[in-house]
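Peer 1: To be precise about what I am sending: the file is called my_file_35.txt and holds compact mmCIF, C-alpha atoms.
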```
# COMPACT_ATOMS: atom_id res chain seq x y z
CA MET A 275 0.00 0.00 0.00
CA SER A 276 1.49 3.27 -1.09
CA TYR A 277 -0.61 5.44 1.17
CA ALA A 278 -3.95 5.72 2.91
CA VAL A 279 -5.99 8.86 3.46
CA ALA A 280 -8.95 9.72 5.63
CA HIS A 281 -10.51 12.82 7.08
CA ALA A 282 -10.58 12.57 10.86
CA ASP A 283 -14.37 12.82 10.82
CA GLU A 284 -14.66 9.85 8.44
CA ILE A 285 -12.95 7.44 10.83
CA LYS A 286 -15.46 5.40 12.79
CA ARG A 287 -15.32 6.48 16.39
CA ILE A 288 -15.12 4.33 19.47
CA GLU A 289 -17.00 6.42 22.00
CA ASN A 290 -15.24 9.81 21.71
CA LEU A 291 -12.03 8.28 20.43
CA ILE A 292 -11.07 8.61 16.78
CA PRO A 293 -8.84 5.51 16.53
CA VAL A 294 -6.27 6.79 14.06
CA ARG A 295 -3.60 4.16 14.75
CA LEU A 296 -6.02 1.27 14.41
CA HIS A 297 -7.62 2.75 11.31
CA PHE A 298 -4.34 3.03 9.42
CA GLY A 299 -2.54 0.07 11.00
CA ILE A 300 0.32 2.23 12.23
CA GLN A 301 2.98 0.19 13.98
CA ALA A 302 5.73 2.61 14.91
CA PHE A 303 3.96 4.92 17.36
CA GLY A 304 0.65 5.45 19.05
CA VAL A 305 -1.62 8.10 17.60
CA ASN A 306 -5.27 8.88 18.17
CA MET A 307 -7.62 11.80 18.25
CA TRP A 308 -10.09 12.68 20.98
CA ALA A 309 -13.32 14.51 20.18
CA GLY A 310 -15.66 16.38 22.47
CA GLU A 311 -18.22 19.09 22.98
CA PRO A 312 -18.03 21.65 25.82
CA GLY A 313 -17.78 20.00 29.21
CA GLU A 314 -17.16 16.51 27.84
CA ASP A 315 -14.13 14.52 28.89
CA LEU A 316 -11.72 14.11 26.01
CA MET A 317 -9.57 11.42 27.54
CA PRO A 318 -9.86 9.57 30.82
CA GLU A 319 -7.61 10.74 33.61
CA HIS A 320 -4.53 8.56 33.50
CA GLU A 321 -0.80 8.16 33.76
CA GLU A 322 1.07 6.29 31.11
CA ASP A 323 1.81 2.90 32.67
CA SER A 324 3.18 1.97 29.27
CA GLY A 325 5.98 4.50 29.75
CA HIS A 326 4.82 6.61 26.84
CA GLU A 327 5.78 10.20 26.55
CA GLU A 328 2.90 11.93 24.84
CA LEU A 329 2.35 15.01 22.76
CA TYR A 330 -1.16 16.47 22.50
CA VAL A 331 -2.08 18.89 19.75
CA VAL A 332 -5.34 20.83 19.90
CA VAL A 333 -6.28 20.66 16.25
CA ALA A 334 -9.76 22.19 16.63
CA GLY A 335 -11.73 23.94 19.31
CA ARG A 336 -10.32 24.42 22.78
CA ALA A 337 -9.42 22.11 25.62
CA THR A 338 -8.67 22.40 29.30
CA PHE A 339 -5.95 20.06 30.41
CA THR A 340 -5.31 19.16 34.02
CA ILE A 341 -1.83 17.84 34.57
CA ALA A 342 -0.49 17.04 38.00
CA GLY A 343 -3.20 19.25 39.43
CA ASN A 344 -2.39 22.21 37.16
CA GLU A 345 -5.19 23.51 34.94
CA ILE A 346 -3.98 24.48 31.48
CA ASP A 347 -5.97 26.41 28.90
CA ALA A 348 -5.29 25.02 25.45
CA PRO A 349 -6.85 26.82 22.48
CA HIS A 350 -6.50 25.65 18.89
CA GLY A 351 -2.84 25.31 17.98
CA THR A 352 -1.65 24.49 21.49
CA LEU A 353 0.86 21.69 21.96
CA VAL A 354 1.13 19.96 25.31
CA TYR A 355 3.93 17.54 26.15
CA VAL A 356 3.45 15.18 29.10
CA SER A 357 5.96 12.74 30.53
CA PRO A 358 4.68 9.26 31.37
CA ASP A 359 4.53 9.62 35.14
CA GLU A 360 2.28 12.66 35.19
CA THR A 361 -1.46 12.26 35.68
CA ARG A 362 -3.34 14.01 32.92
CA LYS A 363 -6.85 14.57 31.70
CA ALA A 364 -8.52 16.95 29.28
CA VAL A 365 -12.00 18.37 28.86
CA ALA A 366 -13.44 20.04 25.77
CA ALA A 367 -14.02 23.76 26.23
CA ALA A 368 -15.50 24.64 22.83
CA PRO A 369 -17.74 22.99 20.25
CA GLY A 370 -16.05 20.58 17.88
CA THR A 371 -12.90 20.15 19.94
CA ARG A 372 -10.40 17.67 18.57
CA VAL A 373 -7.11 16.77 20.23
CA LEU A 374 -4.49 14.68 18.46
CA ALA A 375 -2.34 12.52 20.76
CA VAL A 376 0.95 10.92 19.73
CA GLY A 377 2.90 8.66 22.06
CA ALA A 378 5.63 6.09 22.43
CA THR A 379 8.31 5.03 24.92
CA ARG A 380 11.89 6.28 24.78
CA GLY A 381 14.46 3.68 24.00
CA LYS A 382 11.93 0.98 23.13
CA ALA A 383 10.26 -0.18 19.97
CA PHE A 384 6.60 0.76 20.00
CA GLU A 385 4.23 -1.99 20.97
CA ALA A 386 0.54 -1.51 20.25
CA GLY A 387 -1.59 -2.16 23.30
CA ASP A 388 -4.94 -2.37 21.58
CA TRP A 389 -6.41 -0.43 24.51
CA GLU A 390 -8.53 1.45 22.01
CA LEU A 391 -10.63 -1.66 21.49
CA TRP A 392 -11.63 -1.66 25.17
CA MET A 393 -13.18 1.82 25.02
CA PRO A 394 -16.83 0.70 24.62
CA ALA A 395 -16.61 -1.23 27.87
CA ARG A 396 -14.52 1.22 29.82
CA LYS A 397 -17.38 3.26 31.27
CA ALA A 398 -19.18 0.20 32.60
CA TYR A 399 -15.95 -0.97 34.24
CA GLU A 400 -15.33 2.44 35.81
CA ALA A 401 -18.94 2.58 37.00
CA LYS A 402 -18.43 -0.84 38.63
CA ASP A 403 -21.26 -2.25 36.50
CA TYR A 404 -19.37 -5.49 36.04
CA GLU A 405 -22.23 -7.51 34.57
CA ARG A 406 -22.63 -4.96 31.81
CA ALA A 407 -18.85 -4.77 31.39
CA VAL A 408 -18.74 -8.56 30.97
CA ASP A 409 -21.47 -8.43 28.31
CA LEU A 410 -19.72 -5.64 26.45
CA ALA A 411 -16.32 -7.34 26.67
CA ARG A 412 -17.78 -10.53 25.25
CA GLN A 413 -19.27 -8.59 22.34
CA LEU A 414 -15.90 -6.97 21.72
CA LEU A 415 -14.24 -10.37 21.59
CA VAL A 416 -16.77 -11.49 19.00
CA GLU A 417 -15.71 -8.49 16.91
CA HIS A 418 -11.99 -8.89 17.71
CA PRO A 419 -11.39 -12.56 18.56
CA GLY A 420 -8.41 -13.51 20.64
CA VAL A 421 -7.09 -10.00 21.37
CA PRO A 422 -5.07 -10.51 24.56
CA LEU A 423 -5.96 -7.14 26.06
CA LEU A 424 -9.66 -7.81 25.66
CA LEU A 425 -9.28 -11.26 27.19
CA TYR A 426 -7.36 -9.77 30.08
CA ASN A 427 -9.89 -7.04 30.73
CA LEU A 428 -12.72 -9.55 30.45
CA ALA A 429 -10.94 -11.60 33.11
CA CYS A 430 -10.71 -8.49 35.28
CA VAL A 431 -14.42 -7.71 35.15
CA GLU A 432 -15.29 -11.37 35.63
CA ALA A 433 -13.11 -11.50 38.73
CA LEU A 434 -14.65 -8.28 40.03
CA GLY A 435 -18.13 -9.66 39.32
CA GLY A 436 -17.52 -12.93 41.11
CA ARG A 437 -17.21 -15.11 38.01
CA HIS A 438 -14.01 -16.71 39.23
CA ASP A 439 -13.76 -19.76 36.98
CA GLU A 440 -14.30 -17.67 33.87
CA ALA A 441 -11.80 -15.09 35.11
CA LEU A 442 -9.16 -17.76 35.60
CA GLU A 443 -9.71 -19.13 32.10
CA HIS A 444 -9.58 -15.76 30.43
CA VAL A 445 -6.50 -14.51 32.26
CA ARG A 446 -4.81 -17.74 31.20
CA GLN A 447 -5.77 -17.08 27.59
CA ALA A 448 -4.59 -13.48 27.82
CA ILE A 449 -1.19 -14.56 29.11
CA GLU A 450 -0.92 -17.19 26.39
CA GLY A 451 -1.67 -14.43 23.93
CA HIS A 452 1.00 -12.09 25.27
CA GLU A 453 3.54 -12.67 27.99
CA ARG A 454 3.31 -9.13 29.38
CA PHE A 455 -0.06 -9.93 30.94
CA ARG A 456 1.61 -12.37 33.31
CA GLU A 457 3.32 -9.58 35.19
CA PHE A 458 0.33 -7.27 34.87
CA ALA A 459 -1.89 -9.88 36.48
CA ARG A 460 0.44 -10.39 39.43
CA GLY A 461 0.01 -6.82 40.59
CA ASP A 462 -3.53 -6.13 39.41
CA GLU A 463 -5.96 -5.39 42.23
CA ASP A 464 -8.84 -6.44 40.01
CA PHE A 465 -7.78 -10.02 40.70
CA VAL A 466 -7.78 -9.72 44.49
CA SER A 467 -10.66 -12.23 44.71
CA ILE A 468 -8.67 -14.92 42.91
CA LYS A 469 -5.08 -13.99 43.74
CA ASP A 470 -4.61 -16.94 46.09
CA ASP A 471 -6.24 -19.47 43.80
CA PRO A 472 -3.67 -22.15 42.82
CA GLN A 473 -4.65 -21.82 39.18
CA PHE A 474 -4.05 -18.07 39.26
CA LEU A 475 -0.73 -18.54 41.01
CA ALA A 476 0.30 -21.14 38.44
CA VAL A 477 -0.67 -19.14 35.37
CA THR A 478 1.01 -16.00 36.69
CA GLY A 479 4.18 -17.89 37.47
CA GLN A 480 3.93 -17.55 41.22
CA SER A 481 3.15 -21.10 42.26
CA GLU A 482 6.79 -22.05 42.94
CA THR A 483 7.09 -19.21 45.45
CA ALA A 484 3.61 -19.43 46.98
CA GLY A 485 3.50 -20.99 50.43
CA THR A 486 7.28 -21.18 50.82
CA GLY A 487 7.51 -19.25 54.02
CA ALA A 488 10.50 -21.18 55.50
CA MET B 16 12.50 14.91 30.53
CA SER B 17 9.88 14.81 33.28
CA GLY B 18 6.78 16.84 33.95
CA TRP B 19 4.94 18.67 31.26
CA SER B 20 5.19 21.75 29.10
CA LYS B 21 3.10 23.57 26.55
CA ALA B 22 3.60 25.87 23.60
CA TRP B 23 1.44 27.56 21.03
CA LEU B 24 2.49 26.38 17.59
CA PRO B 25 3.25 29.85 16.14
CA GLU B 26 5.57 30.51 19.10
CA ILE B 27 8.01 27.86 17.97
CA ALA B 28 8.01 28.72 14.26
CA ILE B 29 11.29 29.09 12.39
CA VAL B 30 10.32 31.19 9.40
CA ARG B 31 12.41 30.71 6.30
CA GLU B 32 12.08 32.02 2.78
CA ARG B 33 10.89 28.65 1.55
CA GLY B 34 8.40 28.06 4.35
CA THR B 35 8.10 27.61 8.08
CA TRP B 36 9.44 24.79 10.19
CA PHE B 37 7.95 24.09 13.58
CA PRO B 38 10.60 21.94 15.31
CA ILE B 39 8.19 20.35 17.75
CA ARG B 40 10.29 17.33 18.67
CA GLN B 41 13.32 19.44 19.43
CA HIS B 42 11.33 22.07 21.33
CA PHE B 43 9.86 19.59 23.78
CA GLY B 44 12.78 17.17 23.82
CA VAL B 45 10.59 14.32 22.64
CA HIS B 46 12.75 11.27 22.15
CA ALA B 47 10.27 8.49 21.52
CA PHE B 48 8.96 9.45 18.07
CA GLY B 49 9.58 12.02 15.43
CA VAL B 50 7.19 14.95 15.22
CA ASN B 51 7.44 18.22 13.37
CA ALA B 52 5.19 20.58 11.47
CA TRP B 53 5.66 22.55 8.30
CA GLY B 54 3.78 25.64 7.22
CA GLY B 55 3.41 27.71 4.11
CA ASP B 56 1.26 29.90 1.97
CA GLU B 57 -0.34 29.09 -1.36
CA GLY B 58 2.12 27.51 -3.73
CA GLN B 59 4.85 26.98 -1.15
CA LYS B 60 6.43 23.61 -0.68
CA LEU B 61 5.51 22.07 2.67
CA ILE B 62 7.15 18.69 2.36
CA GLY B 63 9.98 18.38 -0.13
CA GLU B 64 9.79 15.27 -2.26
CA HIS B 65 11.59 12.45 -0.52
CA ASP B 66 11.46 8.85 0.45
CA GLU B 67 12.59 7.40 3.73
CA LEU B 68 15.50 5.48 2.25
CA GLY B 69 17.97 8.28 1.58
CA PRO B 70 21.36 8.58 3.32
CA THR B 71 19.93 10.72 6.13
CA ALA B 72 16.55 8.98 6.33
CA GLN B 73 15.44 6.42 8.87
CA GLN B 74 12.98 4.15 7.05
CA HIS B 75 10.09 5.71 8.93
CA GLU B 76 6.42 5.19 8.40
CA GLU B 77 4.86 8.63 8.55
CA LEU B 78 1.48 10.12 9.38
CA TYR B 79 0.72 13.58 8.05
CA ALA B 80 -2.10 15.63 9.59
CA VAL B 81 -3.31 18.82 7.92
CA LEU B 82 -3.85 21.11 10.88
CA SER B 83 -4.98 24.18 8.97
CA GLY B 84 -5.46 25.44 5.45
CA HIS B 85 -5.36 23.07 2.51
CA ALA B 86 -2.55 20.92 1.16
CA LYS B 87 -2.00 18.82 -1.91
CA PHE B 88 0.07 15.70 -1.39
CA THR B 89 1.68 13.63 -4.08
CA VAL B 90 2.54 10.06 -3.14
CA ASP B 91 4.25 7.88 -5.74
CA GLY B 92 2.85 10.09 -8.46
CA GLU B 93 -0.73 10.14 -7.18
CA GLU B 94 -2.24 13.43 -6.08
CA VAL B 95 -4.11 13.55 -2.80
CA ASP B 96 -6.33 16.49 -1.97
CA ALA B 97 -5.97 17.27 1.73
CA PRO B 98 -8.06 19.99 3.35
CA ALA B 99 -7.74 20.69 7.08
CA GLY B 100 -8.53 17.57 9.10
CA THR B 101 -7.10 15.18 6.52
CA LEU B 102 -4.75 12.44 7.65
CA VAL B 103 -2.35 10.85 5.17
CA PHE B 104 -0.47 7.73 6.19
CA VAL B 105 2.56 6.63 4.19
CA PRO B 106 3.70 3.26 5.50
CA ASP B 107 6.30 2.33 2.91
CA PRO B 108 9.65 4.05 3.36
CA ALA B 109 10.28 3.62 -0.38
CA SER B 110 7.27 5.75 -1.32
CA LYS B 111 8.10 9.18 -2.65
CA ARG B 112 5.98 11.82 -0.97
CA ALA B 113 5.65 15.57 -1.19
CA ALA B 114 3.15 18.27 -0.23
CA VAL B 115 2.44 21.85 -1.24
CA ALA B 116 0.13 24.44 0.24
CA VAL B 117 -2.98 25.12 -1.78
CA GLU B 118 -4.01 28.06 0.36
CA ASP B 119 -2.36 30.55 2.68
CA GLY B 120 -1.76 29.54 6.27
CA THR B 121 -1.49 25.81 5.65
CA THR B 122 0.17 23.76 8.37
CA VAL B 123 0.94 20.06 8.21
CA LEU B 124 2.11 18.02 11.19
CA VAL B 125 4.10 14.87 10.59
CA ALA B 126 4.73 12.07 13.06
CA GLY B 127 7.12 9.27 12.23
CA GLY B 128 8.91 6.23 13.49
CA LYS B 129 10.29 2.91 12.40
CA PRO B 130 8.32 -0.19 13.32
CA ASP B 131 10.06 -2.59 15.70
CA GLU B 132 12.89 -0.20 16.54
CA PRO B 133 13.39 2.45 19.17
CA PHE B 134 13.29 5.98 17.81
CA LYS B 135 16.47 7.92 17.09
CA VAL B 136 16.61 11.59 16.24
CA GLY B 137 17.19 11.77 12.50
CA VAL B 138 20.37 12.99 10.91
CA TRP B 139 18.21 15.30 8.81
CA GLU B 140 17.22 17.14 11.95
CA TYR B 141 20.82 17.84 12.91
CA ASN B 142 21.42 19.00 9.34
CA ALA B 143 18.32 21.20 9.51
CA ARG B 144 19.70 22.83 12.64
CA GLY B 145 23.25 23.18 11.44
CA LEU B 146 23.22 23.84 7.71
CA PRO B 147 21.46 27.23 7.82
CA PHE B 148 24.53 28.54 9.66
CA PHE B 149 26.56 27.96 6.49
CA ASP B 150 24.61 30.79 4.86
CA THR B 151 25.52 33.15 7.69
CA LYS B 152 29.09 31.78 7.93
CA GLU B 153 28.56 31.00 11.62
CA TYR B 154 30.59 27.85 11.28
CA ASP B 155 31.06 27.35 15.02
CA LYS B 156 27.30 27.10 15.49
CA ALA B 157 27.01 24.81 12.48
CA GLU B 158 29.66 22.54 13.92
CA GLU B 159 27.99 22.44 17.32
CA ALA B 160 24.67 21.36 15.81
CA LEU B 161 26.18 18.76 13.49
CA SER B 162 28.55 17.31 16.08
CA ALA B 163 25.59 16.69 18.40
CA GLY B 164 24.29 14.31 15.76
CA LEU B 165 27.39 12.13 16.00
CA VAL B 166 26.44 11.20 19.56
CA GLU B 167 23.32 9.43 18.33
CA HIS B 168 24.73 8.47 14.93
CA PRO B 169 28.44 7.76 15.40
CA ASP B 170 30.46 8.06 12.22
CA HIS B 171 27.42 8.93 10.12
CA PRO B 172 28.86 9.70 6.66
CA GLY B 173 26.51 12.63 6.07
CA LEU B 174 27.42 14.36 9.31
CA LEU B 175 31.13 13.72 8.77
CA TYR B 176 30.82 15.15 5.27
CA ASN B 177 29.22 18.38 6.50
CA LEU B 178 31.83 18.71 9.25
CA ALA B 179 34.51 18.24 6.58
CA CYS B 180 32.95 21.12 4.65
CA ILE B 181 33.23 23.32 7.72
CA ARG B 182 36.88 22.44 8.21
CA SER B 183 37.62 23.22 4.58
CA LEU B 184 35.79 26.54 4.77
CA THR B 185 37.63 27.53 7.93
CA GLY B 186 41.06 26.70 6.55
CA GLU B 187 41.67 23.47 8.48
CA GLY B 188 42.65 21.36 5.51
CA ASP B 189 44.17 18.39 7.30
CA GLU B 190 41.09 17.82 9.42
CA ALA B 191 38.87 18.38 6.40
CA ILE B 192 40.67 15.62 4.48
CA ASP B 193 40.43 13.23 7.44
CA LEU B 194 36.70 13.83 7.97
CA LEU B 195 36.01 13.52 4.24
CA ARG B 196 37.95 10.26 4.06
CA ARG B 197 35.87 8.83 6.92
CA SER B 198 32.68 10.00 5.22
CA VAL B 199 33.56 8.37 1.92
CA GLN B 200 34.59 5.17 3.66
CA GLY B 201 31.13 5.09 5.21
CA ASP B 202 29.28 5.88 1.99
CA ALA B 203 31.03 6.09 -1.36
CA ARG B 204 28.40 8.48 -2.71
CA TYR B 205 30.05 11.28 -0.77
CA ALA B 206 33.08 11.07 -3.04
CA GLU B 207 31.01 12.21 -5.97
CA TYR B 208 29.26 14.88 -3.90
CA ALA B 209 32.64 16.23 -2.79
CA ARG B 210 33.99 16.45 -6.32
CA GLY B 211 31.27 18.95 -7.19
CA ASP B 212 31.03 20.78 -3.88
CA SER B 213 32.47 24.30 -3.80
CA ASP B 214 32.89 24.04 -0.01
CA PHE B 215 36.02 22.00 -0.80
CA ASP B 216 37.61 24.54 -3.17
CA ALA B 217 40.25 25.35 -0.54
CA ILE B 218 41.52 21.76 -0.51
CA ARG B 219 40.76 20.70 -4.07
CA GLU B 220 44.40 20.98 -5.16
CA ASP B 221 45.58 18.86 -2.23
CA PRO B 222 46.65 15.48 -3.69
CA ARG B 223 44.93 13.77 -0.82
CA PHE B 224 41.59 15.22 -1.95
CA ALA B 225 41.87 13.47 -5.31
CA GLU B 226 42.92 10.28 -3.58
CA VAL B 227 39.91 10.33 -1.23
CA THR B 228 37.35 11.28 -3.85
CA GLN B 229 38.43 9.18 -6.81
```
What would you get if you wrote out this structure as structure tokens?
Peer 2:
Amino acid sequence: MSYAVAHADEIKRIENLIPVRLHFGIQAFGVNMWAGEPGEDLMPEHEEDSGHEELYVVVAGRATFTIAGNEIDAPHGTLVYVSPDETRKAVAAAPGTRVLAVGATRGKAFEAGDWELWMPARKAYEAKDYERAVDLARQLLVEHPGVPLLLYNLACVEALGGRHDEALEHVRQAIEGHERFREFARGDEDFVSIKDDPQFLAVTGQSETAGTGA
Amino acid sequence: MSGWSKAWLPEIAIVRERGTWFPIRQHFGVHAFGVNAWGGDEGQKLIGEHDELGPTAQQHEELYAVLSGHAKFTVDGEEVDAPAGTLVFVPDPASKRAAVAVEDGTTVLVAGGKPDEPFKVGVWEYNARGLPFFDTKEYDKAEEALSAGLVEHPDHPGLLYNLACIRSLTGEGDEAIDLLRRSVQGDARYAEYARGDSDFDAIREDPRFAEVTQ
């Protein structure tokens, strides 16, 4: 393929995310666009656990960023750089606000996390509506079979919703799909209800150290 | 770099006769992906025709985003109309791409990186910082900018070549010959470039020049 072209408004949104990277199949860096109307959250408050440094560009409208507790006015044409350990969020402050976000980790090849695919279920998870989150996650896996991140997050909401056997199976599948989920799972509070289960300990590589108090 | 910072795009513009460069990556010290923007008025070149395989290129896949105005891209001979909001993805480093402004006040942002490899600041960027000082004969500043590139790209033939030019222009013939020899050893194309480059007029009669550039 020599090139691909799309207007940002032609790309099918996932909630308020314009999934640029997924749309084009970009592999070298993360890039997306967030869209919002006044008062709407553009991106969820977060730090970059992935280690990404990120550049935000207000390409239309106006946004208000909050970074490490500092409120930052960002009209059209503003660039905001944020290092991975800073907590950031942004809210649209004008109609038709669009913010482009580019990110990757210094010194490492970019690895796509597919987190964009989880967006339709994110609100249910954050609202602790785990039954709904499970239903949505299952639908997402029908659309995107075998995606390790989706399997992992499904396991999370199953564990949180008391579906322990299903959670154990899906975290196992997620780890089989990508090794990084093994370490994620070890420290993930979403799995507190199953963290002592022998199957969980085995699949997360902890069973040889579990119970060896001597 | 930790923390965060912001800038308004026009604040970081470097206005040149042939258009405006917004050195975003350099301004913020981003080191995980390449990101710059180019601006111009109707008829001005925004992106000079190039592929990502040249001696100073990095085999990047690139995403162009038209932030304002209206651009016309040409990719491998095909014209692409690109009003504000258009995204153009060029995944193949071998593809020749270029862009011109179709209306005044056009700005195009470009993000780039190489799949499966950590990002390195491109040699072109060190050249872009250093070469304008040749016009003003501020050779010390040119050398400082170009030498910084050797830290990330040790013995890069292009950087060595430009440093050789400086040495020749400042009357340091022995060092000029040595740098040029190292450049040609790294990439034989620089021999031909040197033969036609007036920067080497001061050392052209030196027998070693003929030996290095034959």
Peer 1: Taking (-10.6, -9.0, 30.6) in the coordinates of the supplied file, I want to know which residues reach to within 9 Å of it, counting all atoms listed in the file; could you give the answer as a ChimeraX atom specification?
Peer 2: /A:408,411,422-433,441,444-445,448
Peer 1: For those residues, write C-alpha atoms to a file as a compact mmCIF listing (two decimals), in the frame of the given file.
Peer 2:
```txt
# COMPACT_ATOMS: atom_id res chain seq x y z
CA VAL A 408 -18.74 -8.56 30.97
CA ALA A 411 -16.32 -7.34 26.67
CA PRO A 422 -5.07 -10.51 24.56
CA LEU A 423 -5.96 -7.14 26.06
CA LEU A 424 -9.66 -7.81 25.66
CA LEU A 425 -9.28 -11.26 27.19
CA TYR A 426 -7.36 -9.77 30.08
CA ASN A 427 -9.89 -7.04 30.73
CA LEU A 428 -12.72 -9.55 30.45
CA ALA A 429 -10.94 -11.60 33.11
CA CYS A 430 -10.71 -8.49 35.28
CA VAL A 431 -14.42 -7.71 35.15
CA GLU A 432 -15.29 -11.37 35.63
CA ALA A 433 -13.11 -11.50 38.73
CA ALA A 441 -11.80 -15.09 35.11
CA HIS A 444 -9.58 -15.76 30.43
CA VAL A 445 -6.50 -14.51 32.26
CA ALA A 448 -4.59 -13.48 27.82
```
Peer 1: Which residues of chain A are close to chain B, meaning at most 6 Å apart when you count all atoms listed in the file, and how do they look as a ChimeraX atom specification?
Peer 2: /A:277-282,301-302,333,351-357,378-383
Peer 1: Write out as a PyMOL selection string each polymer residue whose atoms come within 8 Å of region 177-187 of chain B, counting only C-alpha atoms; drop sequence neighbours fewer than 3 positions from it.
Peer 2: chain B and resi 154+157-158+161-162+173-174+190-195+214-218
Peer 1: If you keep C-alpha atoms, can you produce a file of those selected residues as a PDB file, in the frame of the given file?
Peer 2:
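Saved the output as again.pdb:
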```pdb
ATOM      1  CA  TYR B 154      30.590  27.850  11.280  1.00  0.00           C
ATOM      2  CA  ALA B 157      27.010  24.810  12.480  1.00  0.00           C
ATOM      3  CA  GLU B 158      29.660  22.540  13.920  1.00  0.00           C
ATOM      4  CA  LEU B 161      26.180  18.760  13.490  1.00  0.00           C
ATOM      5  CA  SER B 162      28.550  17.310  16.080  1.00  0.00           C
ATOM      6  CA  GLY B 173      26.510  12.630   6.070  1.00  0.00           C
ATOM      7  CA  LEU B 174      27.420  14.360   9.310  1.00  0.00           C
ATOM      8  CA  GLU B 190      41.090  17.820   9.420  1.00  0.00           C
ATOM      9  CA  ALA B 191      38.870  18.380   6.400  1.00  0.00           C
ATOM     10  CA  ILE B 192      40.670  15.620   4.480  1.00  0.00           C
ATOM     11  CA  ASP B 193      40.430  13.230   7.440  1.00  0.00           C
ATOM     12  CA  LEU B 194      36.700  13.830   7.970  1.00  0.00           C
ATOM     13  CA  LEU B 195      36.010  13.520   4.240  1.00  0.00           C
ATOM     14  CA  ASP B 214      32.890  24.040  -0.010  1.00  0.00           C
ATOM     15  CA  PHE B 215      36.020  22.000  -0.800  1.00  0.00           C
ATOM     16  CA  ASP B 216      37.610  24.540  -3.170  1.00  0.00           C
ATOM     17  CA  ALA B 217      40.250  25.350  -0.540  1.00  0.00           C
ATOM     18  CA  ILE B 218      41.520  21.760  -0.510  1.00  0.00           C
TER      19      ILE B 218
END
```
Peer 1: Could you check how far CA of Arg362 (chain A) sits from CA of Glu321 (chain A), in Å to one decimal?
Peer 2: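 Separation between CA of Arg362 (chain A) and CA of Glu321 (chain A): 6.4 Å.
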Peer 1: Quick one: of B:Asn142, B:Thr121, B:Thr151, B:Thr228, who's nearest to Gly54 (chain B), counting all atoms listed in the file?
Peer 2: B:Thr121
Peer 1: Quick check, in Å to one decimal: how far apart do CA of Gly461 (chain A) and CA of His438 (chain A) lie?
Peer 2: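 It comes out at 17.2 Å.
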Peer 1: To one decimal place in Å, what is the distance between CA of Tyr330 (chain A) and CA of Leu146 (chain B)?
Peer 2: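 Calculated distance between CA of Tyr330 (chain A) and CA of Leu146 (chain B) is 29.5 Å.
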Peer 1: From (-14.9, -2.6, 25.8), in the file's coordinates, out to 8 Å: which residues are reached, counting all atoms listed in the file? Answer as a PyMOL selection string.
Peer 2: chain A and resi 391-396+407+410-411+414+424
Peer 1: Can you work out which one of B:Leu175, B:Pro222, B:Thr122, B:Ala114 has the shortest atom-to-atom distance to Ala28 (chain B), counting all atoms listed in the file?
Peer 2: B:Thr122
Peer 1: Could region 64-74 of chain B be completed with N, CA and C atoms and written as a PDB file, keeping the file's coordinate frame, please?
Peer 2:
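Result went into selection.pdb, see below:
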```
ATOM      1  N   GLU B  64       9.916  16.656  -1.834  1.00  0.00           N
ATOM      2  CA  GLU B  64       9.790  15.270  -2.260  1.00  0.00           C
ATOM      3  C   GLU B  64      10.930  14.435  -1.692  1.00  0.00           C
ATOM      4  N   HIS B  65      10.569  13.335  -1.079  1.00  0.00           N
ATOM      5  CA  HIS B  65      11.590  12.450  -0.520  1.00  0.00           C
ATOM      6  C   HIS B  65      10.996  11.079  -0.254  1.00  0.00           C
ATOM      7  N   ASP B  66      11.876  10.127  -0.109  1.00  0.00           N
ATOM      8  CA  ASP B  66      11.460   8.850   0.450  1.00  0.00           C
ATOM      9  C   ASP B  66      12.195   8.700   1.765  1.00  0.00           C
ATOM     10  N   GLU B  67      11.962   7.600   2.416  1.00  0.00           N
ATOM     11  CA  GLU B  67      12.590   7.400   3.730  1.00  0.00           C
ATOM     12  C   GLU B  67      13.749   6.417   3.624  1.00  0.00           C
ATOM     13  N   LEU B  68      14.383   6.411   2.446  1.00  0.00           N
ATOM     14  CA  LEU B  68      15.500   5.480   2.250  1.00  0.00           C
ATOM     15  C   LEU B  68      16.811   6.205   1.995  1.00  0.00           C
ATOM     16  N   GLY B  69      16.773   7.532   1.911  1.00  0.00           N
ATOM     17  CA  GLY B  69      17.970   8.280   1.580  1.00  0.00           C
ATOM     18  C   GLY B  69      19.036   8.174   2.653  1.00  0.00           C
ATOM     19  N   PRO B  70      20.232   8.735   2.394  1.00  0.00           N
ATOM     20  CA  PRO B  70      21.360   8.580   3.320  1.00  0.00           C
ATOM     21  C   PRO B  70      21.109   9.180   4.697  1.00  0.00           C
ATOM     22  N   THR B  71      20.210  10.156   4.804  1.00  0.00           N
ATOM     23  CA  THR B  71      19.930  10.720   6.130  1.00  0.00           C
ATOM     24  C   THR B  71      18.552  10.305   6.634  1.00  0.00           C
ATOM     25  N   ALA B  72      17.901   9.394   5.930  1.00  0.00           N
ATOM     26  CA  ALA B  72      16.550   8.980   6.330  1.00  0.00           C
ATOM     27  C   ALA B  72      16.617   7.777   7.260  1.00  0.00           C
ATOM     28  N   GLN B  73      15.455   7.454   7.831  1.00  0.00           N
ATOM     29  CA  GLN B  73      15.440   6.420   8.870  1.00  0.00           C
ATOM     30  C   GLN B  73      14.407   5.334   8.632  1.00  0.00           C
ATOM     31  N   GLN B  74      13.956   5.192   7.392  1.00  0.00           N
ATOM     32  CA  GLN B  74      12.980   4.150   7.050  1.00  0.00           C
ATOM     33  C   GLN B  74      11.705   4.262   7.900  1.00  0.00           C
TER      34      GLN B  74
END
```
